[in-house]
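Student: Data: final_33.txt, compact mmCIF, C-alpha atoms.
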# COMPACT_ATOMS: atom_id res chain seq x y z
CA MET J 1 -20.60 -10.79 27.48
CA SER J 2 -17.49 -12.83 26.88
CA GLN J 3 -17.13 -16.30 28.36
CA ASN J 4 -13.45 -15.71 29.05
CA PRO J 5 -12.98 -13.34 31.99
CA HIS J 6 -9.53 -12.41 30.66
CA ALA J 7 -10.68 -11.70 27.09
CA LEU J 8 -11.08 -7.97 27.59
CA PHE J 9 -7.62 -7.66 29.13
CA LEU J 10 -6.00 -9.82 26.47
CA GLN J 11 -7.50 -7.45 23.91
CA LEU J 12 -6.16 -4.48 25.82
CA ILE J 13 -2.68 -6.06 25.96
CA ALA J 14 -2.70 -6.35 22.17
CA LYS J 15 -4.23 -2.91 21.72
CA ALA J 16 -1.52 -1.36 23.89
CA ARG J 17 1.12 -2.65 21.46
CA VAL J 18 -0.78 -2.01 18.24
CA GLU J 19 -2.52 1.34 18.65
CA GLY J 20 -2.06 2.44 22.23
CA LEU J 21 -4.50 2.80 25.11
CA SER J 22 -6.44 5.64 26.59
CA SER J 23 -5.42 6.59 30.13
CA SER J 24 -8.47 4.90 31.66
CA GLU J 25 -7.78 1.70 29.72
CA ARG J 26 -4.16 1.83 30.79
CA ASP J 27 -5.12 2.19 34.44
CA GLN J 28 -7.64 -0.60 34.15
CA LEU J 29 -5.10 -2.91 32.52
CA SER J 30 -2.25 -2.21 34.90
CA ALA J 31 -4.53 -2.79 37.89
CA HIS J 32 -5.59 -6.11 36.43
CA LEU J 33 -2.05 -7.18 35.54
CA GLN J 34 -0.95 -6.71 39.14
CA ASP J 35 -3.48 -9.30 40.27
CA CYS J 36 -3.76 -11.68 37.32
CA THR J 37 -0.86 -14.04 36.68
CA PHE J 38 -2.44 -15.41 33.51
CA CYS J 39 -2.77 -12.02 31.81
CA SER J 40 0.56 -10.85 33.18
CA GLU J 41 2.28 -13.88 31.65
CA HIS J 42 0.43 -13.21 28.39
CA ALA J 43 1.73 -9.63 28.37
CA HIS J 44 5.29 -10.82 29.02
CA GLN J 45 4.98 -13.37 26.23
CA THR J 46 3.79 -10.68 23.82
CA ASP J 47 6.68 -8.42 24.75
CA ARG J 48 9.16 -11.27 24.41
CA ALA J 49 7.84 -12.05 20.94
CA LEU J 50 8.11 -8.41 19.91
CA ARG J 51 11.58 -8.09 21.35
CA SER J 52 12.66 -11.16 19.44
CA LEU J 53 11.17 -9.71 16.28
CA ARG J 54 13.00 -6.43 16.78
CA ALA J 55 16.27 -8.20 17.52
CA THR J 56 16.18 -10.33 14.38
CA ALA J 57 19.30 -9.60 12.35
CA ILE J 58 19.19 -9.70 8.60
CA PRO J 59 22.66 -10.06 7.09
CA LEU J 60 22.98 -7.82 4.04
CA PRO J 61 24.39 -9.26 0.81
CA ALA J 62 27.98 -8.15 0.28
CA GLY J 63 28.31 -4.96 -1.76
CA LEU J 64 24.58 -4.51 -2.15
CA ALA J 65 24.70 -0.72 -1.86
CA GLU J 66 27.72 -0.40 -4.17
CA ARG J 67 26.19 -2.58 -6.87
CA THR J 68 22.93 -0.68 -6.66
CA GLN J 69 24.66 2.68 -6.77
CA PHE J 70 26.54 1.56 -9.88
CA ARG J 71 23.34 0.41 -11.59
CA VAL J 72 21.50 3.57 -10.66
CA ARG J 73 24.31 5.73 -12.02
CA LEU J 74 24.29 3.79 -15.30
CA ARG J 75 20.54 4.28 -15.61
CA ALA J 76 20.89 7.96 -14.78
CA GLN J 77 23.47 8.25 -17.56
CA GLU J 78 21.08 6.59 -20.00
CA LEU J 79 18.29 8.94 -19.02
CA ARG J 80 20.55 11.95 -19.39
CA GLU J 81 21.55 10.83 -22.88
CA ARG J 82 17.92 10.35 -23.82
CA GLU J 83 16.84 13.74 -22.49
CA PRO J 84 17.84 15.92 -25.53
CA LYS J 85 15.94 13.58 -27.87
CA ARG J 86 12.84 13.80 -25.71
CA ARG J 87 13.12 17.55 -25.48
CA LEU J 88 13.45 17.81 -29.26
CA LEU J 89 10.37 15.66 -29.74
CA TRP J 90 8.30 17.81 -27.39
CA THR J 91 9.58 20.99 -29.03
CA ILE J 92 8.54 19.69 -32.45
CA CYS J 93 5.14 18.71 -31.06
CA GLY J 94 4.68 22.13 -29.51
CA MET J 95 5.72 23.95 -32.66
CA SER J 96 3.52 21.76 -34.81
CA TRP J 97 0.53 22.46 -32.57
CA ALA J 98 1.19 26.22 -32.55
CA LEU J 99 1.59 26.29 -36.32
CA GLY J 100 -1.54 24.22 -36.73
CA VAL J 101 -3.58 26.66 -34.64
CA ALA J 102 -2.10 29.70 -36.38
CA THR J 103 -2.74 28.43 -39.87
CA ALA J 104 -6.07 26.73 -39.23
CA PRO J 105 -8.27 29.56 -40.65
CA TYR J 106 -6.21 29.69 -43.86
CA VAL J 107 -6.17 25.94 -44.26
CA TRP J 108 -9.92 25.87 -43.64
CA GLN J 109 -10.39 28.41 -46.46
CA ALA J 110 -8.04 26.41 -48.68
CA PHE J 111 -10.02 23.21 -48.09
CA GLU J 112 -13.26 25.08 -48.73
CA TRP J 113 -11.90 26.52 -52.00
CA ILE J 114 -10.63 23.12 -53.18
CA GLY J 115 -13.96 21.53 -52.24
CA GLN J 116 -15.90 24.13 -54.26
CA ARG J 117 -13.45 23.93 -57.16
CA PHE J 118 -13.88 20.19 -57.51
CA GLY J 119 -17.51 20.14 -56.48
CA ALA J 120 -16.86 17.98 -53.42
CA PRO J 121 -19.64 17.82 -50.84
CA LYS J 122 -19.10 20.00 -47.78
CA LEU J 123 -18.83 16.95 -45.50
CA VAL J 124 -15.91 15.57 -47.57
CA TRP J 125 -13.72 18.66 -47.44
CA GLU J 126 -14.60 19.20 -43.79
CA LEU J 127 -13.49 15.64 -43.12
CA GLY J 128 -10.31 16.35 -45.09
CA PHE J 129 -9.63 19.35 -42.91
CA GLY J 130 -10.30 17.29 -39.81
CA LEU J 131 -7.79 14.66 -40.93
CA TRP J 132 -5.19 17.27 -41.79
CA TRP J 133 -5.65 18.67 -38.30
CA THR J 134 -5.57 15.40 -36.40
CA ILE J 135 -3.06 13.25 -38.30
CA PRO J 136 0.12 15.03 -37.06
CA ALA J 137 -1.15 14.89 -33.49
CA VAL J 138 -1.98 11.19 -33.85
CA VAL J 139 1.46 10.48 -35.32
CA ALA J 140 3.16 12.37 -32.49
CA ALA J 141 1.07 10.53 -29.90
CA VAL J 142 1.97 7.16 -31.48
CA VAL J 143 5.68 8.06 -31.48
CA ILE J 144 5.55 9.10 -27.82
CA LEU J 145 3.58 6.00 -26.84
CA LEU J 146 6.02 3.74 -28.69
CA GLN J 147 8.91 5.45 -26.98
CA ASN J 148 7.32 5.06 -23.57
CA ALA J 149 6.56 1.42 -24.27
CA LYS J 150 10.16 0.84 -25.28
CA GLN J 151 11.38 2.57 -22.16
CA THR J 152 9.04 0.49 -19.99
CA ASP J 153 10.29 -2.70 -21.62
CA GLU J 154 13.86 -1.71 -20.87
CA THR J 155 13.13 -0.96 -17.24
CA GLU J 156 10.79 -3.92 -16.83
CA TRP J 157 11.66 -6.55 -14.27
CA PRO J 158 14.59 -8.07 -16.14
CA GLN J 159 14.89 -11.59 -14.77
CA GLY J 160 11.24 -12.46 -15.20
CA LYS J 161 11.59 -14.96 -12.41
CA MET A 1 27.39 -7.03 7.37
CA THR A 2 24.99 -7.58 10.25
CA LEU A 3 22.24 -5.67 11.94
CA THR A 4 24.50 -4.24 14.59
CA SER A 5 27.12 -2.85 12.25
CA THR A 6 24.58 -1.59 9.78
CA MET A 7 22.41 0.04 12.38
CA THR A 8 25.29 1.95 13.94
CA GLY A 9 26.14 3.67 10.68
CA SER A 10 22.63 4.08 9.42
CA THR A 11 21.27 5.49 12.68
CA LEU A 12 23.62 8.43 12.35
CA LEU A 13 22.75 8.92 8.70
CA TYR A 14 19.07 8.49 9.48
CA SER A 15 19.09 11.24 12.05
CA THR A 16 20.97 13.43 9.60
CA LEU A 17 18.30 12.95 6.99
CA MET A 18 15.50 13.44 9.49
CA ALA A 19 16.86 16.91 10.09
CA ASP A 20 16.92 17.60 6.36
CA ASP A 21 14.10 19.33 4.72
CA THR A 22 11.98 16.83 2.83
CA LYS A 23 11.42 19.49 0.21
CA ALA A 24 15.14 19.60 -0.43
CA LEU A 25 15.03 15.84 -0.75
CA ALA A 26 12.20 16.10 -3.27
CA GLN A 27 14.13 18.70 -5.24
CA GLY A 28 17.20 16.50 -5.25
CA LEU A 29 15.15 13.57 -6.50
CA ARG A 30 13.65 15.72 -9.24
CA ARG A 31 17.17 16.71 -10.31
CA ARG A 32 18.24 13.05 -10.09
CA ASP A 33 21.12 14.18 -7.93
CA PRO A 34 23.58 11.24 -7.97
CA GLU A 35 25.17 12.16 -4.63
CA LEU A 36 21.79 12.24 -2.94
CA LEU A 37 20.80 8.90 -4.45
CA ASP A 38 24.07 7.31 -3.32
CA ARG A 39 23.48 8.58 0.18
CA LEU A 40 19.88 7.36 0.25
CA ILE A 41 20.86 3.92 -1.02
CA GLU A 42 23.41 3.56 1.75
CA GLN A 43 21.12 4.97 4.36
CA TYR A 44 18.11 2.83 3.58
CA GLN A 45 19.86 -0.33 2.46
CA TYR A 46 19.18 -2.31 5.60
CA ARG A 47 15.59 -1.23 6.08
CA LEU A 48 14.59 -1.63 2.46
CA PHE A 49 16.32 -4.98 2.08
CA ARG A 50 14.71 -6.26 5.27
CA TYR A 51 11.29 -5.12 4.08
CA LEU A 52 11.74 -6.80 0.70
CA LEU A 53 13.00 -9.94 2.33
CA TYR A 54 9.94 -10.06 4.55
CA LEU A 55 7.72 -9.58 1.49
CA THR A 56 9.39 -11.99 -0.89
CA ALA A 57 10.86 -14.49 1.56
CA SER A 58 13.85 -14.87 -0.75
CA ARG A 59 17.22 -13.17 -0.44
CA GLU A 60 17.90 -13.38 -4.15
CA ARG A 61 14.60 -11.79 -5.09
CA ALA A 62 14.86 -9.23 -2.35
CA GLU A 63 18.22 -8.20 -3.77
CA ASP A 64 16.84 -7.89 -7.30
CA PHE A 65 13.86 -5.88 -6.08
CA PHE A 66 16.16 -3.73 -3.99
CA GLN A 67 18.06 -2.63 -7.09
CA GLU A 68 14.89 -2.25 -9.10
CA THR A 69 13.33 -0.09 -6.39
CA TRP A 70 16.20 2.38 -6.56
CA ILE A 71 15.99 2.48 -10.35
CA ARG A 72 12.33 3.44 -9.93
CA VAL A 73 13.27 6.07 -7.37
CA LEU A 74 15.65 7.54 -9.93
CA GLU A 75 13.10 7.46 -12.73
CA ARG A 76 10.11 8.63 -10.71
CA GLY A 77 11.80 10.90 -8.23
CA HIS A 78 9.75 13.80 -9.56
CA GLN A 79 6.63 12.08 -8.21
CA TYR A 80 7.78 12.37 -4.60
CA ASP A 81 5.75 15.29 -3.27
CA ALA A 82 7.51 15.66 0.10
CA LYS A 83 4.14 15.46 1.86
CA SER A 84 4.77 11.95 3.11
CA LYS A 85 7.93 10.57 4.66
CA PHE A 86 10.49 9.41 2.14
CA GLU A 87 10.60 5.90 3.59
CA SER A 88 6.84 5.50 3.18
CA TRP A 89 7.15 6.44 -0.47
CA LEU A 90 10.16 4.17 -0.89
CA PHE A 91 8.42 1.20 0.69
CA ALA A 92 5.32 1.81 -1.40
CA ILE A 93 7.44 1.66 -4.57
CA ALA A 94 9.08 -1.56 -3.40
CA ARG A 95 5.70 -3.03 -2.53
CA HIS A 96 4.29 -2.17 -5.97
CA LEU A 97 7.23 -3.84 -7.66
CA VAL A 98 6.68 -7.02 -5.70
CA ILE A 99 2.94 -7.00 -6.43
CA ASP A 100 3.56 -6.34 -10.16
CA TRP A 101 5.96 -9.24 -10.21
CA GLN A 102 3.41 -11.44 -8.48
CA ARG A 103 0.81 -10.40 -11.05
CA GLN A 104 3.18 -11.29 -13.85
CA LYS A 105 3.31 -14.70 -12.28
CA LYS A 106 -0.48 -14.76 -12.62
CA VAL A 107 -0.96 -14.28 -8.92
CA GLN A 108 -3.60 -11.69 -8.18
CA SER A 109 -1.90 -9.85 -5.34
CA LEU A 110 0.28 -10.05 -2.33
CA GLU A 111 -2.67 -11.69 -0.58
CA ALA A 112 -1.69 -14.86 -2.40
CA LEU A 113 1.42 -14.97 -0.29
CA THR A 114 -0.67 -14.85 2.82
CA ASP A 115 -2.38 -18.15 2.74
CA PRO A 116 -0.51 -20.24 5.28
CA GLU A 117 -1.25 -23.26 3.08
CA VAL A 118 0.75 -21.79 0.20
CA GLY A 119 2.86 -19.29 2.11
CA THR A 120 6.52 -19.10 1.28
CA PRO A 121 8.82 -19.70 4.19
CA LEU A 122 11.10 -16.84 5.05
CA GLU A 123 14.59 -17.60 3.86
CA ILE A 124 17.24 -15.68 5.77
CA PRO A 125 20.47 -17.64 5.47
CA ALA A 126 23.54 -15.51 6.05
CA GLN A 127 25.67 -14.93 2.99
CA ASN A 128 28.30 -13.07 4.96
CA GLU A 129 29.13 -15.01 8.03
CA PRO A 130 28.84 -12.91 11.16
CA SER A 131 31.68 -12.76 13.67
CA PRO A 132 32.30 -15.91 15.73
CA LEU A 133 31.27 -14.10 18.90
CA HIS A 134 28.03 -12.99 17.29
CA GLN A 135 27.45 -16.55 16.11
CA VAL A 136 27.95 -17.99 19.56
CA LEU A 137 25.68 -15.45 21.21
CA HIS A 138 22.87 -15.42 18.75
CA LYS A 139 22.99 -18.42 16.52
CA GLU A 140 20.45 -20.57 18.29
CA ALA A 141 18.13 -17.80 19.31
CA GLU A 142 18.11 -16.16 15.89
CA ALA A 143 17.66 -19.41 14.08
CA GLY A 144 14.61 -20.00 16.22
CA VAL A 145 13.23 -16.52 15.60
CA GLN A 146 13.86 -16.68 11.87
CA GLU A 147 12.25 -20.07 11.66
CA SER A 148 9.29 -18.74 13.60
CA LEU A 149 8.98 -15.70 11.34
CA GLY A 150 8.92 -18.05 8.39
CA ARG A 151 5.80 -19.63 9.78
CA ILE A 152 3.94 -16.31 9.75
CA PRO A 153 2.15 -15.47 6.50
CA ALA A 154 3.89 -12.71 4.49
CA ILE A 155 1.04 -10.26 4.86
CA TYR A 156 1.37 -10.35 8.64
CA ARG A 157 5.17 -10.28 8.49
CA GLU A 158 4.85 -7.10 6.47
CA VAL A 159 2.65 -5.20 8.93
CA LEU A 160 4.62 -6.47 11.91
CA LEU A 161 7.81 -5.21 10.32
CA LEU A 162 6.34 -1.82 9.46
CA ARG A 163 4.83 -1.35 12.90
CA PHE A 164 7.35 -2.87 15.27
CA GLN A 165 10.63 -2.67 13.41
CA GLU A 166 10.11 0.43 11.30
CA GLU A 167 8.05 1.99 14.10
CA MET A 168 5.63 3.44 11.55
CA GLY A 169 2.32 4.91 12.58
CA LEU A 170 -0.87 3.11 11.60
CA GLU A 171 -1.81 5.77 9.03
CA GLU A 172 1.64 5.60 7.53
CA ILE A 173 1.35 1.84 7.17
CA ALA A 174 -2.06 2.25 5.58
CA GLY A 175 -0.44 4.69 3.15
CA VAL A 176 2.37 2.32 2.22
CA MET A 177 0.00 -0.59 1.78
CA GLU A 178 -2.79 1.49 0.22
CA THR A 179 -5.15 -0.31 2.54
CA PRO A 180 -7.85 1.02 4.88
CA LEU A 181 -6.76 1.69 8.45
CA SER A 182 -9.16 -0.94 9.75
CA THR A 183 -7.47 -3.59 7.60
CA VAL A 184 -4.06 -2.56 8.88
CA LYS A 185 -5.28 -2.86 12.45
CA SER A 186 -6.89 -6.24 11.96
CA ARG A 187 -3.75 -7.55 10.24
CA LEU A 188 -1.65 -6.24 13.11
CA TYR A 189 -3.80 -7.95 15.72
CA ARG A 190 -3.75 -11.20 13.80
CA GLY A 191 -0.05 -10.83 13.07
CA LEU A 192 0.72 -10.23 16.71
CA GLU A 193 -1.21 -13.34 17.63
CA ALA A 194 0.57 -15.33 14.92
CA LEU A 195 3.94 -13.99 16.05
CA LYS A 196 3.28 -14.95 19.64
CA SER A 197 2.24 -18.46 18.71
CA ALA A 198 5.13 -18.88 16.31
CA MET A 199 7.90 -17.64 18.57
CA PRO A 200 9.97 -20.23 20.38
CA ALA A 201 9.15 -20.72 24.05
CA SER A 202 12.58 -19.61 25.26
CA PRO A 203 13.11 -15.87 25.10
CA LEU A 204 15.93 -14.35 23.10
CA GLY A 205 17.15 -12.69 26.22
CA GLY A 206 16.16 -10.47 29.10
CA GLN A 207 13.01 -10.23 31.10
CA GLY A 208 9.64 -9.11 29.90
CA GLY A 209 8.84 -5.45 29.77
CA ALA A 210 6.67 -2.98 28.03
CA ALA A 211 7.10 -2.89 24.27
With the file now loaded, output its structure as structure tokens.

Tutor:
Amino acid sequence: MSQNPHALFLQLIAKARVEGLSSSERDQLSAHLQDCTFCSEHAHQTDRALRSLRATAIPLPAGLAERTQFRVRLRAQELREREPKRRLLWTICGMSWALGVATAPYVWQAFEWIGQRFGAPKLVWELGFGLWWTIPAVVAAVVILLQNAKQTDETEWPQGK
Amino acid sequence: MTLTSTMTGSTLLYSTLMADDTKALAQGLRRRDPELLDRLIEQYQYRLFRYLLYLTASRERAEDFFQETWIRVLERGHQYDAKSKFESWLFAIARHLVIDWQRQKKVQSLEALTDPEVGTPLEIPAQNEPSPLHQVLHKEAEAGVQESLGRIPAIYREVLLLRFQEEMGLEEIAGVMETPLSTVKSRLYRGLEALKSAMPASPLGGQGGAA
């Protein structure tokens, strides 16, 4: 049990402001506050502090919204200009993938034929096929990653303060 | 521009947006609708700037992060799923930017701002002078409150702002901060205690009442 006889009620005073009280807690607290000057003063102090906090005025910098709107519009313009390029890149990637899938059986046969023609071990021409399959995808991924990195750099916190 | 003038305009806009379908908002963000973005920037300017100021404790940085946050909203609008409130998503973006920036400065996380030993004081000097009447009425009281807020570690300032100024629910706060609910609660209790100790003895005005 707490040494301070008011401790429970001080906790309830804080709880009432932070997360609210159950009806029994509320009744218990209000009954106590009617009799206890110490806790009552504590409750008033808490309310005063919160009222002061709520009443604190923050002056806004002049033209903050206008400057921000201007910057946002500029950025939106940039993004709009970049959009066709991005779309083209994704279209090429998609087409390349579709073509790759469609021609894979033929290319596999071609690699097999070349391998047999030159007496290359199976593992070598299979590896060749694997590279042929993966290199375009890797190149596309690198291009996209580079583009994203560039975009991130541009939008990165500019002042670096 | 001050709280009063900003709040009057934004309250109206806020209620307008609240009525809007969040799905329509998500669609607009996916389309990068410039009109929608303009409206959101105006509508959330005060709340977002205040949040960033509480996080960074610097007006200059808060302003830079404010702009950067909206650039991110433009670029990643398609990621807003309309399941959460827009402001939670917006604040989470802003928070990530601040944490990324802290990491770039070789600081592990926002927690580093929390140590009262190394905590950055909150810097809220007015760039636009408020009206003389406003100055007379509030100058002393606000200076006291702002100074007091500066004494509270940033991590507590953040939860206090989200809970008591933004009126966010505990789960929502946990979502913005990507922190367990129990952590949010414990920070709120500690923050409330810190706020009470830090606030000047004289009240800003009025008698005590239920929060």

Student: Do you have, as JSON lines, the list of residues of chain J lying at most 8 Å from chain A, each with its nearest atom pair and that distance in Å to one decimal, counting all atoms listed in the file and ordered by chain then number?

Tutor:
{"residue": "J:Ala14", "atom": "CA", "partner": "A:Tyr189", "partner_atom": "CA", "distance": 6.7}
{"residue": "J:Lys15", "atom": "CA", "partner": "A:Tyr189", "partner_atom": "CA", "distance": 7.8}
{"residue": "J:Arg17", "atom": "CA", "partner": "A:Ala211", "partner_atom": "CA", "distance": 6.6}
{"residue": "J:Val18", "atom": "CA", "partner": "A:Leu188", "partner_atom": "CA", "distance": 6.7}
{"residue": "J:Glu19", "atom": "CA", "partner": "A:Leu170", "partner_atom": "CA", "distance": 7.5}
{"residue": "J:His44", "atom": "CA", "partner": "A:Gly208", "partner_atom": "CA", "distance": 4.8}
{"residue": "J:Gln45", "atom": "CA", "partner": "A:Lys196", "partner_atom": "CA", "distance": 7.0}
{"residue": "J:Thr46", "atom": "CA", "partner": "A:Lys196", "partner_atom": "CA", "distance": 6.0}
{"residue": "J:Asp47", "atom": "CA", "partner": "A:Ala211", "partner_atom": "CA", "distance": 5.6}
{"residue": "J:Arg48", "atom": "CA", "partner": "A:Gly208", "partner_atom": "CA", "distance": 5.9}
{"residue": "J:Ala49", "atom": "CA", "partner": "A:Lys196", "partner_atom": "CA", "distance": 5.6}
{"residue": "J:Leu50", "atom": "CA", "partner": "A:Ala211", "partner_atom": "CA", "distance": 7.1}
{"residue": "J:Arg51", "atom": "CA", "partner": "A:Ala211", "partner_atom": "CA", "distance": 7.5}
{"residue": "J:Ser52", "atom": "CA", "partner": "A:Leu204", "partner_atom": "CA", "distance": 5.9}
{"residue": "J:Leu53", "atom": "CA", "partner": "A:Val145", "partner_atom": "CA", "distance": 7.1}
{"residue": "J:Arg54", "atom": "CA", "partner": "A:Gln165", "partner_atom": "CA", "distance": 5.6}
{"residue": "J:Thr56", "atom": "CA", "partner": "A:Glu142", "partner_atom": "CA", "distance": 6.3}
{"residue": "J:Ala57", "atom": "CA", "partner": "A:Leu3", "partner_atom": "CA", "distance": 4.9}
{"residue": "J:Ile58", "atom": "CA", "partner": "A:Leu3", "partner_atom": "CA", "distance": 6.1}
{"residue": "J:Pro59", "atom": "CA", "partner": "A:Thr2", "partner_atom": "CA", "distance": 4.6}
{"residue": "J:Leu60", "atom": "CA", "partner": "A:Met1", "partner_atom": "CA", "distance": 5.6}
{"residue": "J:Pro61", "atom": "CA", "partner": "A:Gln127", "partner_atom": "CA", "distance": 6.2}
{"residue": "J:Ala62", "atom": "CA", "partner": "A:Asn128", "partner_atom": "CA", "distance": 6.8}
{"residue": "J:Leu64", "atom": "CA", "partner": "A:Glu63", "partner_atom": "CA", "distance": 7.5}
{"residue": "J:Ala65", "atom": "CA", "partner": "A:Glu42", "partner_atom": "CA", "distance": 5.7}
{"residue": "J:Thr68", "atom": "CA", "partner": "A:Gln67", "partner_atom": "CA", "distance": 5.3}
{"residue": "J:Gln69", "atom": "CA", "partner": "A:Asp38", "partner_atom": "CA", "distance": 5.8}
{"residue": "J:Arg71", "atom": "CA", "partner": "A:Gln67", "partner_atom": "CA", "distance": 7.6}
{"residue": "J:Val72", "atom": "CA", "partner": "A:Ile71", "partner_atom": "CA", "distance": 5.6}
{"residue": "J:Arg73", "atom": "CA", "partner": "A:Pro34", "partner_atom": "CA", "distance": 6.9}
{"residue": "J:Arg75", "atom": "CA", "partner": "A:Ile71", "partner_atom": "CA", "distance": 7.2}
{"residue": "J:Ala76", "atom": "CA", "partner": "A:Leu74", "partner_atom": "CA", "distance": 7.2}
{"residue": "J:Trp157", "atom": "CA", "partner": "A:Glu68", "partner_atom": "CA", "distance": 7.5}
{"residue": "J:Gly160", "atom": "CA", "partner": "A:Trp101", "partner_atom": "CA", "distance": 7.9}

Student: Using only C-alpha atoms, which of the listed residues (A:Leu29, A:Ala174, A:Leu36, A:Ala94) sits closest to A:Tyr54?

Tutor: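 Ranked by minimum distance to A:Tyr54, first place goes to A:Ala94.
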
Student: Excluding A:Arg95 and residues on its chain fewer than 5 positions from it, collect all residues at most 9 Å away from it, counting only C-alpha atoms, and give them as a JSON list (two decimals) with C-alpha atoms, in the frame of the given file.

Tutor:
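What follows is the written file selection-v7.json:
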[["chain", "number", "residue", "atom", "x", "y", "z"],
["A", 51, "TYR", "CA", 11.29, -5.12, 4.08],
["A", 52, "LEU", "CA", 11.74, -6.80, 0.70],
["A", 55, "LEU", "CA", 7.72, -9.58, 1.49],
["A", 90, "LEU", "CA", 10.16, 4.17, -0.89],
["A", 100, "ASP", "CA", 3.56, -6.34, -10.16],
["A", 110, "LEU", "CA", 0.28, -10.05, -2.33],
["A", 176, "VAL", "CA", 2.37, 2.32, 2.22],
["A", 177, "MET", "CA", 0.00, -0.59, 1.78]]

Student: Hey, what's within 9 Å of stretch 79-89 of chain J if we count only C-alpha atoms and toss same-chain stuff fewer than 4 positions away? As a PyMOL selection string, please?

Tutor: (chain J and resi 74-75+93-94+140+144) or (chain A and resi 75)

Student: Residues within 12 Å of J:Pro5, please, as JSON, numbers by chain. Count only C-alpha atoms; anything in the same chain fewer than 5 positions from it doesn't count.

Tutor: {"J": [10, 11, 32, 36, 38, 39]}

Student: Would you compute the distance between atom CA of J:Asp35 and atom CA of J:Phe9? Give it in Å to one decimal.

Tutor: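 Taking atom CA of J:Asp35 and atom CA of J:Phe9, their separation equals 12.0 Å.
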
Student: Enter the distance from atom CA of J:Pro105 to atom CA of J:Val142, in Å, rounded to one decimal.

Tutor: 26.3 Å

Student: Between atom CA of A:Ala26 and atom CA of A:Tyr80, measure the distance and give it in Å to one decimal.

Tutor: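 Rounded to one decimal, the two atoms are 5.9 Å apart.
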
Student: May I have the residues within 9 Å of J:Glu126 as JSON, numbers by chain, using all atoms listed in the file and disregarding those fewer than 4 positions away in the same chain?

Tutor: {"J": [108, 111, 112, 115, 121, 122, 130, 131]}

Student: Could you rebuild stretch 40-50 of chain A with N, CA, C and O atoms and give it back as an mmCIF file, in the frame of the given file?

Tutor:
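As a result, out.cif now contains:
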data_model
loop_
_atom_site.group_PDB
_atom_site.id
_atom_site.type_symbol
_atom_site.label_atom_id
_atom_site.label_comp_id
_atom_site.auth_asym_id
_atom_site.auth_seq_id
_atom_site.Cartn_x
_atom_site.Cartn_y
_atom_site.Cartn_z
ATOM 1 N N LEU A 40 21.140 8.011 -0.129
ATOM 2 C CA LEU A 40 19.880 7.360 0.250
ATOM 3 C C LEU A 40 20.003 5.841 0.176
ATOM 4 O O LEU A 40 19.490 5.121 1.029
ATOM 5 N N ILE A 41 20.697 5.371 -0.860
ATOM 6 C CA ILE A 41 20.860 3.920 -1.020
ATOM 7 C C ILE A 41 21.590 3.344 0.205
ATOM 8 O O ILE A 41 21.185 2.336 0.766
ATOM 9 N N GLU A 42 22.651 4.031 0.580
ATOM 10 C CA GLU A 42 23.410 3.560 1.750
ATOM 11 C C GLU A 42 22.581 3.633 3.020
ATOM 12 O O GLU A 42 22.568 2.722 3.835
ATOM 13 N N GLN A 43 21.881 4.730 3.130
ATOM 14 C CA GLN A 43 21.120 4.970 4.360
ATOM 15 C C GLN A 43 19.970 3.985 4.550
ATOM 16 O O GLN A 43 19.704 3.544 5.656
ATOM 17 N N TYR A 44 19.299 3.667 3.465
ATOM 18 C CA TYR A 44 18.110 2.830 3.580
ATOM 19 C C TYR A 44 18.376 1.375 3.211
ATOM 20 O O TYR A 44 17.429 0.605 3.118
ATOM 21 N N GLN A 45 19.619 1.013 2.973
ATOM 22 C CA GLN A 45 19.860 -0.330 2.460
ATOM 23 C C GLN A 45 19.341 -1.414 3.405
ATOM 24 O O GLN A 45 18.708 -2.367 2.954
ATOM 25 N N TYR A 46 19.595 -1.248 4.670
ATOM 26 C CA TYR A 46 19.180 -2.310 5.600
ATOM 27 C C TYR A 46 17.653 -2.383 5.693
ATOM 28 O O TYR A 46 17.069 -3.457 5.577
ATOM 29 N N ARG A 47 17.040 -1.234 5.868
ATOM 30 C CA ARG A 47 15.590 -1.230 6.080
ATOM 31 C C ARG A 47 14.831 -1.686 4.840
ATOM 32 O O ARG A 47 13.864 -2.443 4.937
ATOM 33 N N LEU A 48 15.279 -1.235 3.685
ATOM 34 C CA LEU A 48 14.590 -1.630 2.460
ATOM 35 C C LEU A 48 14.801 -3.113 2.166
ATOM 36 O O LEU A 48 13.867 -3.824 1.801
ATOM 37 N N PHE A 49 16.033 -3.569 2.354
ATOM 38 C CA PHE A 49 16.320 -4.980 2.080
ATOM 39 C C PHE A 49 15.511 -5.870 3.025
ATOM 40 O O PHE A 49 14.939 -6.871 2.599
ATOM 41 N N ARG A 50 15.467 -5.478 4.283
ATOM 42 C CA ARG A 50 14.710 -6.260 5.270
ATOM 43 C C ARG A 50 13.230 -6.316 4.887
ATOM 44 O O ARG A 50 12.600 -7.371 4.930
#
